[in-house]
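Everything on this sheet refers to the single structure shown next.
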2 protein chains.
Amino acid sequence: MHYPTGVKVKKNNNINYANRGMTLESELNETNHFYLVNNIAVIYKKPTPITIHKVNYKSRNDAVIVDARFKIPSTTDYNGIYKGKYIDFEAKESHSKTSFPLKNIHPHQIEHLKMISKHGGIGFIIFYFSIYNEFYILKLDIILRYWNNQDERKSIPYSVFVNEGYKINEGYLPRLDYLKAIDYLEENN
Amino acid sequence: MHYPTGVKVKKNNNINYANRGMTLESELNETNHFYLVNNIAVIYKKPTPITIHKVNYKSRNDAVIVDARFKIPSTTDYNGIYKGKYIDFEAKESHSKTSFPLKNIHPHQIEHLKMISKHGGIGFIIFYFSIYNEFYILKLDIILRYWNNQDERKSIPYSVFVNEGYKINEGYLPRLDYLKAIDYLEENN
């Protein structure tokens with residue numbers, strides 16, 4: 001079964017209540033809001049980077065951006081603090097059912113995560129397989145095993161996520177309790 | 001001597017080589033770049049938050065934002081990691097010579113810095129007195145002493161910066177070595 005890009009998979013059972021119609025970004029934003037108001041962590045999505053070319057000032061407090069372009073982000077989308085530690089991650093989605101294409105990840109995002117790890121922070125990627133509605137965290141060393149070997153293959157097999165990844169289960173509050181995965185990975189490091 | 005908003009003070013001596021024509025933001029960006037390439041810290045300015053209302057897609061890879069507005073930021077402008085610690089700060093400029101007006105700081109930025117401190121991170125504000133071309137860091141507790149007392153006065157006197165702040169001296173590389181202040185403040189905490 002192939003779904004065209006951008007179309008969300010709707011399941012017919014009622015168990016998957018958490019993800020109905022939500023994007024990965026909105027699920028993470030809700031989760032981060034839950035973490036924030038419950039004093040668990042302070043993690044935000046960074047604004048989308050753009051280059052502004054022209055702004056019209058209708059009045060002192062009414063500036064309208066009328067010409068701007070999207071920029072390629074130089075870092076990851078999310079960062080913050082959890083249990084005194086610096087947290088930094090990217091969230092990526094794929095519609096593939098057999099593997100996660102590495103072209104979804106920018107080279108400078110990998111370089112950034114390597115730097116974070118080197119400086120004592122916790123860097124990772126959340127992978128969303130939309131066809132299965134499954135969320136996984138892979139540790140950076142597993143990602144690098146494939147990243148550094150793209151002459152051979154340009155994707156990470158689904159089986160690697162199942163066997164070596166940490167699966168994040170969807171819930172109601174929080175929707176995507178990814179910090180549970182971080183606790184587990186830190187304990188078993 | 002009063003300078004209109006937005007006009008940089010130009011000094012006529014040659015000692016102040018570092019700041020000629022540079023904005024506070026560009027000085028901090030250069031400093032952060034220096035920290036990054038020298039493996040000292042990984043700290044970035046977050047993109048300016050905007051709300052996008054309309055995008056024209058000329059082609060698949062050529063999207064032009066034609067209607068967007070600036071949003072009030074919900075956090076601070078800069079964050080990252082230094083010596084394994086989460087760093088989070090805002091940079092503010094004033095043209096006043098006697099005090100720093102608190103209206104330059106958004107209430108949610110103060111709330112955010114309080115949260116960061118509570119979670120074990122290092123939160124602070126860099127204050128730039130453009131008239132003197134002086135940069136200071138005030139610890140959050142000193143800022144709060146004035147922030148929580150705005151019924152009485154709505155600014156922090158310049159003398160408080162001189163007596164209780166940490167002055168950041170401008171240099172060539174890095175231009176604004178604010179992490180030296182963080183080392184000092186952490187050691188004397």
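Going by the structure tokens order, chains are called A, B, ..., each with residues numbered from 1, while ligands are numbered from 1 in the order shown.
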Can you pull out every residue within 12 Å of Val162 in chain A, counting only C-alpha atoms, but drop anything in the same chain fewer than 4 positions away, and send it as a list in words?
Thr98, Ser99, Phe127, Phe129, Tyr132, Glu134, Phe135, Tyr136, Ile137, Leu138, Ile156, Pro157, Tyr158, Tyr166, Lys167 and Ile168 of chain A
Limited to N, CA and C atoms, could you put the picked residues into a file as a PDB file, in the first residue's frame?
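Output saved as again09.pdb:
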```
ATOM      1  N   THR A  98       9.766   0.266   4.299  1.00  0.00           N
ATOM      2  CA  THR A  98      10.889  -0.677   4.427  1.00  0.00           C
ATOM      3  C   THR A  98      12.139  -0.052   5.025  1.00  0.00           C
ATOM      4  N   SER A  99      12.271   1.250   4.908  1.00  0.00           N
ATOM      5  CA  SER A  99      13.498   1.883   5.393  1.00  0.00           C
ATOM      6  C   SER A  99      13.307   3.389   5.509  1.00  0.00           C
ATOM      7  N   PHE A 127      12.293   9.478  14.599  1.00  0.00           N
ATOM      8  CA  PHE A 127      11.874   9.042  13.269  1.00  0.00           C
ATOM      9  C   PHE A 127      10.414   8.606  13.319  1.00  0.00           C
ATOM     10  N   PHE A 129       7.557   6.712  11.193  1.00  0.00           N
ATOM     11  CA  PHE A 129       7.109   5.934  10.046  1.00  0.00           C
ATOM     12  C   PHE A 129       5.594   6.116   9.949  1.00  0.00           C
ATOM     13  N   TYR A 132       3.140   3.051   9.422  1.00  0.00           N
ATOM     14  CA  TYR A 132       2.863   2.213  10.593  1.00  0.00           C
ATOM     15  C   TYR A 132       2.379   3.042  11.787  1.00  0.00           C
ATOM     16  N   GLU A 134       4.360   4.707  13.660  1.00  0.00           N
ATOM     17  CA  GLU A 134       5.315   4.332  14.703  1.00  0.00           C
ATOM     18  C   GLU A 134       6.432   5.371  14.822  1.00  0.00           C
ATOM     19  N   PHE A 135       6.814   5.626  16.056  1.00  0.00           N
ATOM     20  CA  PHE A 135       7.841   6.621  16.361  1.00  0.00           C
ATOM     21  C   PHE A 135       9.032   5.912  17.015  1.00  0.00           C
ATOM     22  N   TYR A 136      10.221   6.209  16.533  1.00  0.00           N
ATOM     23  CA  TYR A 136      11.423   5.586  17.095  1.00  0.00           C
ATOM     24  C   TYR A 136      12.489   6.636  17.366  1.00  0.00           C
ATOM     25  N   ILE A 137      13.294   6.372  18.384  1.00  0.00           N
ATOM     26  CA  ILE A 137      14.514   7.145  18.591  1.00  0.00           C
ATOM     27  C   ILE A 137      15.692   6.225  18.310  1.00  0.00           C
ATOM     28  N   LEU A 138      16.606   6.690  17.497  1.00  0.00           N
ATOM     29  CA  LEU A 138      17.860   5.959  17.303  1.00  0.00           C
ATOM     30  C   LEU A 138      18.975   6.769  17.935  1.00  0.00           C
ATOM     31  N   ILE A 156      18.185   3.674   6.256  1.00  0.00           N
ATOM     32  CA  ILE A 156      18.307   2.798   7.424  1.00  0.00           C
ATOM     33  C   ILE A 156      17.124   1.826   7.388  1.00  0.00           C
ATOM     34  N   PRO A 157      17.408   0.515   7.361  1.00  0.00           N
ATOM     35  CA  PRO A 157      16.309  -0.460   7.254  1.00  0.00           C
ATOM     36  C   PRO A 157      15.340  -0.357   8.432  1.00  0.00           C
ATOM     37  N   TYR A 158      14.095  -0.593   8.146  1.00  0.00           N
ATOM     38  CA  TYR A 158      13.057  -0.573   9.182  1.00  0.00           C
ATOM     39  C   TYR A 158      13.391  -1.526  10.329  1.00  0.00           C
ATOM     40  N   TYR A 166      14.521   2.780  20.054  1.00  0.00           N
ATOM     41  CA  TYR A 166      13.617   2.852  21.198  1.00  0.00           C
ATOM     42  C   TYR A 166      12.281   3.330  20.651  1.00  0.00           C
ATOM     43  N   LYS A 167      11.259   2.515  20.821  1.00  0.00           N
ATOM     44  CA  LYS A 167       9.952   2.883  20.295  1.00  0.00           C
ATOM     45  C   LYS A 167       9.231   3.797  21.287  1.00  0.00           C
ATOM     46  N   ILE A 168       8.728   4.918  20.779  1.00  0.00           N
ATOM     47  CA  ILE A 168       7.959   5.835  21.626  1.00  0.00           C
ATOM     48  C   ILE A 168       6.481   5.521  21.420  1.00  0.00           C
TER      49      ILE A 168
END
```
Using only C-alpha atoms, find which residues of chain A lie within 8 Å of chain B and jot them down as an MDAnalysis selection string.
chainID A and resid 41:42 46:50 63:70 80:86 115:116 119:121
Resulting file, chosen residues, C-alpha atoms, as an mmCIF file, in the first residue's frame:
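Printed below is result_2.cif as written:
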```
data_model
loop_
_atom_site.group_PDB
_atom_site.id
_atom_site.type_symbol
_atom_site.label_atom_id
_atom_site.label_comp_id
_atom_site.auth_asym_id
_atom_site.auth_seq_id
_atom_site.Cartn_x
_atom_site.Cartn_y
_atom_site.Cartn_z
ATOM 1 C CA ALA A 41 11.649 19.951 30.956
ATOM 2 C CA VAL A 42 11.963 23.210 29.015
ATOM 3 C CA LYS A 46 13.008 26.757 17.040
ATOM 4 C CA PRO A 47 11.254 29.106 14.620
ATOM 5 C CA THR A 48 11.581 28.328 10.924
ATOM 6 C CA PRO A 49 14.655 30.116 9.612
ATOM 7 C CA ILE A 50 13.951 32.583 6.827
ATOM 8 C CA ALA A 63 5.179 45.475 9.960
ATOM 9 C CA VAL A 64 4.301 43.088 7.139
ATOM 10 C CA ILE A 65 6.942 40.849 5.613
ATOM 11 C CA VAL A 66 6.201 40.880 1.877
ATOM 12 C CA ASP A 67 9.264 39.098 0.514
ATOM 13 C CA ALA A 68 11.149 36.361 2.309
ATOM 14 C CA ARG A 69 12.636 32.941 1.545
ATOM 15 C CA PHE A 70 13.019 29.764 3.542
ATOM 16 C CA GLY A 80 16.211 22.694 25.620
ATOM 17 C CA ILE A 81 16.983 21.399 29.085
ATOM 18 C CA TYR A 82 15.955 18.215 30.904
ATOM 19 C CA LYS A 83 17.255 17.175 34.326
ATOM 20 C CA GLY A 84 20.013 19.751 34.014
ATOM 21 C CA LYS A 85 21.151 18.302 30.675
ATOM 22 C CA TYR A 86 21.216 19.929 27.268
ATOM 23 C CA MET A 115 29.100 18.492 18.192
ATOM 24 C CA ILE A 116 26.360 18.336 20.826
ATOM 25 C CA HIS A 119 30.147 18.819 24.353
ATOM 26 C CA GLY A 120 28.247 16.570 26.741
ATOM 27 C CA GLY A 121 24.699 17.102 25.489
#
```
Would you list, as a VMD selection string, the residues of range 28-128 of chain A that end up in strand (DSSP E) under DSSP run on this structure's backbone?
chain A and resid 41 to 45 50 to 59 62 to 70 78 to 82 85 to 94 99 to 101 122 to 128
In range 25-165 of chain A, what's helix (DSSP H, G or I) per DSSP? Answer as an MDAnalysis selection string?
chainID A and resid 25:37 102:104 107:118 140:147 158:164
Could you write those residues out with N, CA and C atoms, as a compact mmCIF listing (two decimals), in the first residue's frame?
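So the final result, stored in part.txt, reads:
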```txt
# COMPACT_ATOMS: atom_id res chain seq x y z
N GLU A 25 4.99 17.54 14.10
CA GLU A 25 5.35 18.79 14.78
C GLU A 25 4.34 19.16 15.86
N SER A 26 3.05 19.04 15.55
CA SER A 26 2.07 19.45 16.56
C SER A 26 2.05 18.46 17.73
N GLU A 27 2.32 17.18 17.46
CA GLU A 27 2.41 16.23 18.58
C GLU A 27 3.58 16.58 19.50
N LEU A 28 4.70 16.94 18.89
CA LEU A 28 5.87 17.30 19.70
C LEU A 28 5.65 18.61 20.44
N ASN A 29 5.00 19.56 19.78
CA ASN A 29 4.71 20.83 20.46
C ASN A 29 3.80 20.61 21.67
N GLU A 30 2.81 19.76 21.52
CA GLU A 30 1.91 19.47 22.65
C GLU A 30 2.66 18.75 23.77
N THR A 31 3.53 17.83 23.37
CA THR A 31 4.33 17.11 24.36
C THR A 31 5.22 18.08 25.12
N ASN A 32 5.88 18.96 24.38
CA ASN A 32 6.78 19.93 25.02
C ASN A 32 6.02 20.88 25.94
N HIS A 33 4.82 21.23 25.54
CA HIS A 33 3.98 22.08 26.38
C HIS A 33 3.64 21.34 27.69
N PHE A 34 3.31 20.06 27.56
CA PHE A 34 3.05 19.23 28.74
C PHE A 34 4.27 19.19 29.66
N TYR A 35 5.43 18.96 29.07
CA TYR A 35 6.68 18.93 29.87
C TYR A 35 6.89 20.27 30.57
N LEU A 36 6.60 21.35 29.87
CA LEU A 36 6.83 22.69 30.42
C LEU A 36 5.91 22.98 31.60
N VAL A 37 4.62 22.78 31.41
CA VAL A 37 3.68 23.16 32.47
C VAL A 37 3.74 22.20 33.66
N LEU A 102 18.02 8.42 4.07
CA LEU A 102 18.93 9.35 4.73
C LEU A 102 18.89 10.73 4.08
N LYS A 103 18.37 10.83 2.88
CA LYS A 103 18.28 12.15 2.22
C LYS A 103 17.33 13.10 2.98
N ASN A 104 16.50 12.52 3.86
CA ASN A 104 15.62 13.36 4.70
C ASN A 104 16.40 14.17 5.74
N PRO A 107 23.17 17.08 6.04
CA PRO A 107 24.52 16.80 6.57
C PRO A 107 24.88 17.68 7.76
N HIS A 108 24.52 18.98 7.73
CA HIS A 108 24.90 19.85 8.84
C HIS A 108 24.13 19.52 10.12
N GLN A 109 22.98 18.84 9.97
CA GLN A 109 22.25 18.42 11.17
C GLN A 109 22.99 17.28 11.86
N ILE A 110 23.56 16.38 11.06
CA ILE A 110 24.38 15.30 11.63
C ILE A 110 25.63 15.89 12.29
N GLU A 111 26.27 16.84 11.60
CA GLU A 111 27.46 17.48 12.18
C GLU A 111 27.11 18.18 13.49
N HIS A 112 25.96 18.83 13.50
CA HIS A 112 25.51 19.53 14.72
C HIS A 112 25.31 18.53 15.86
N LEU A 113 24.65 17.42 15.59
CA LEU A 113 24.40 16.43 16.64
C LEU A 113 25.71 15.82 17.16
N LYS A 114 26.67 15.66 16.28
CA LYS A 114 27.99 15.16 16.71
C LYS A 114 28.65 16.16 17.66
N MET A 115 28.54 17.44 17.33
CA MET A 115 29.10 18.49 18.19
C MET A 115 28.43 18.48 19.57
N ILE A 116 27.12 18.34 19.57
CA ILE A 116 26.36 18.34 20.83
C ILE A 116 26.83 17.19 21.71
N SER A 117 26.96 16.03 21.10
CA SER A 117 27.40 14.85 21.83
C SER A 117 28.81 15.08 22.41
N LYS A 118 29.68 15.66 21.60
CA LYS A 118 31.06 15.95 22.01
C LYS A 118 31.11 16.91 23.21
N LEU A 140 22.68 8.25 18.29
CA LEU A 140 23.50 8.84 17.23
C LEU A 140 24.49 7.83 16.65
N ASP A 141 25.06 6.95 17.47
CA ASP A 141 26.06 6.01 16.93
C ASP A 141 25.44 5.04 15.92
N ILE A 142 24.18 4.69 16.13
CA ILE A 142 23.51 3.81 15.16
C ILE A 142 23.23 4.59 13.86
N ILE A 143 22.80 5.82 14.00
CA ILE A 143 22.57 6.65 12.81
C ILE A 143 23.86 6.80 12.01
N LEU A 144 24.96 7.05 12.74
CA LEU A 144 26.25 7.28 12.06
C LEU A 144 26.75 6.03 11.35
N ARG A 145 26.42 4.87 11.90
CA ARG A 145 26.80 3.62 11.26
C ARG A 145 26.29 3.59 9.81
N TYR A 146 25.07 4.11 9.61
CA TYR A 146 24.49 4.15 8.26
C TYR A 146 24.90 5.43 7.52
N TRP A 147 24.94 6.53 8.25
CA TRP A 147 25.30 7.80 7.63
C TRP A 147 26.68 7.74 6.97
N TYR A 158 14.10 -0.59 8.15
CA TYR A 158 13.06 -0.57 9.18
C TYR A 158 13.39 -1.53 10.33
N SER A 159 13.98 -2.66 9.99
CA SER A 159 14.32 -3.67 11.01
C SER A 159 15.29 -3.13 12.05
N VAL A 160 16.15 -2.19 11.64
CA VAL A 160 17.10 -1.59 12.59
C VAL A 160 16.34 -0.80 13.67
N PHE A 161 15.29 -0.11 13.25
CA PHE A 161 14.47 0.64 14.21
C PHE A 161 13.78 -0.32 15.19
N VAL A 162 13.23 -1.41 14.63
CA VAL A 162 12.52 -2.38 15.45
C VAL A 162 13.46 -3.06 16.43
N ASN A 163 14.67 -3.41 15.95
CA ASN A 163 15.58 -4.18 16.80
C ASN A 163 16.50 -3.33 17.68
N GLU A 164 16.87 -2.16 17.20
CA GLU A 164 17.87 -1.40 17.95
C GLU A 164 17.37 -0.02 18.38
```
For Leu185 in chain B, which residue among B:Ser155, B:Tyr57, B:Gly165, B:Ser94 is the nearest when counting only C-alpha atoms?
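Smallest distance to Leu185 in chain B is found for B:Gly165.
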So the first atom is CA of Ser130 in chain A and the second is CA of Lys180 in chain A; what is the distance between them in Å, to one decimal place?
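Between CA of Ser130 in chain A and CA of Lys180 in chain A the gap is 21.1 Å.
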Straight-line distance linking CA of Asn169 in chain A with CA of Tyr128 in chain A, stated in Å to one decimal:
11.4 Å
Nearest residue to Glu170 in chain B out of B:Asn38, B:Thr76, B:Leu24, B:Glu186, using only C-alpha atoms?
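Closest to Glu170 in chain B of all the choices is B:Leu24.
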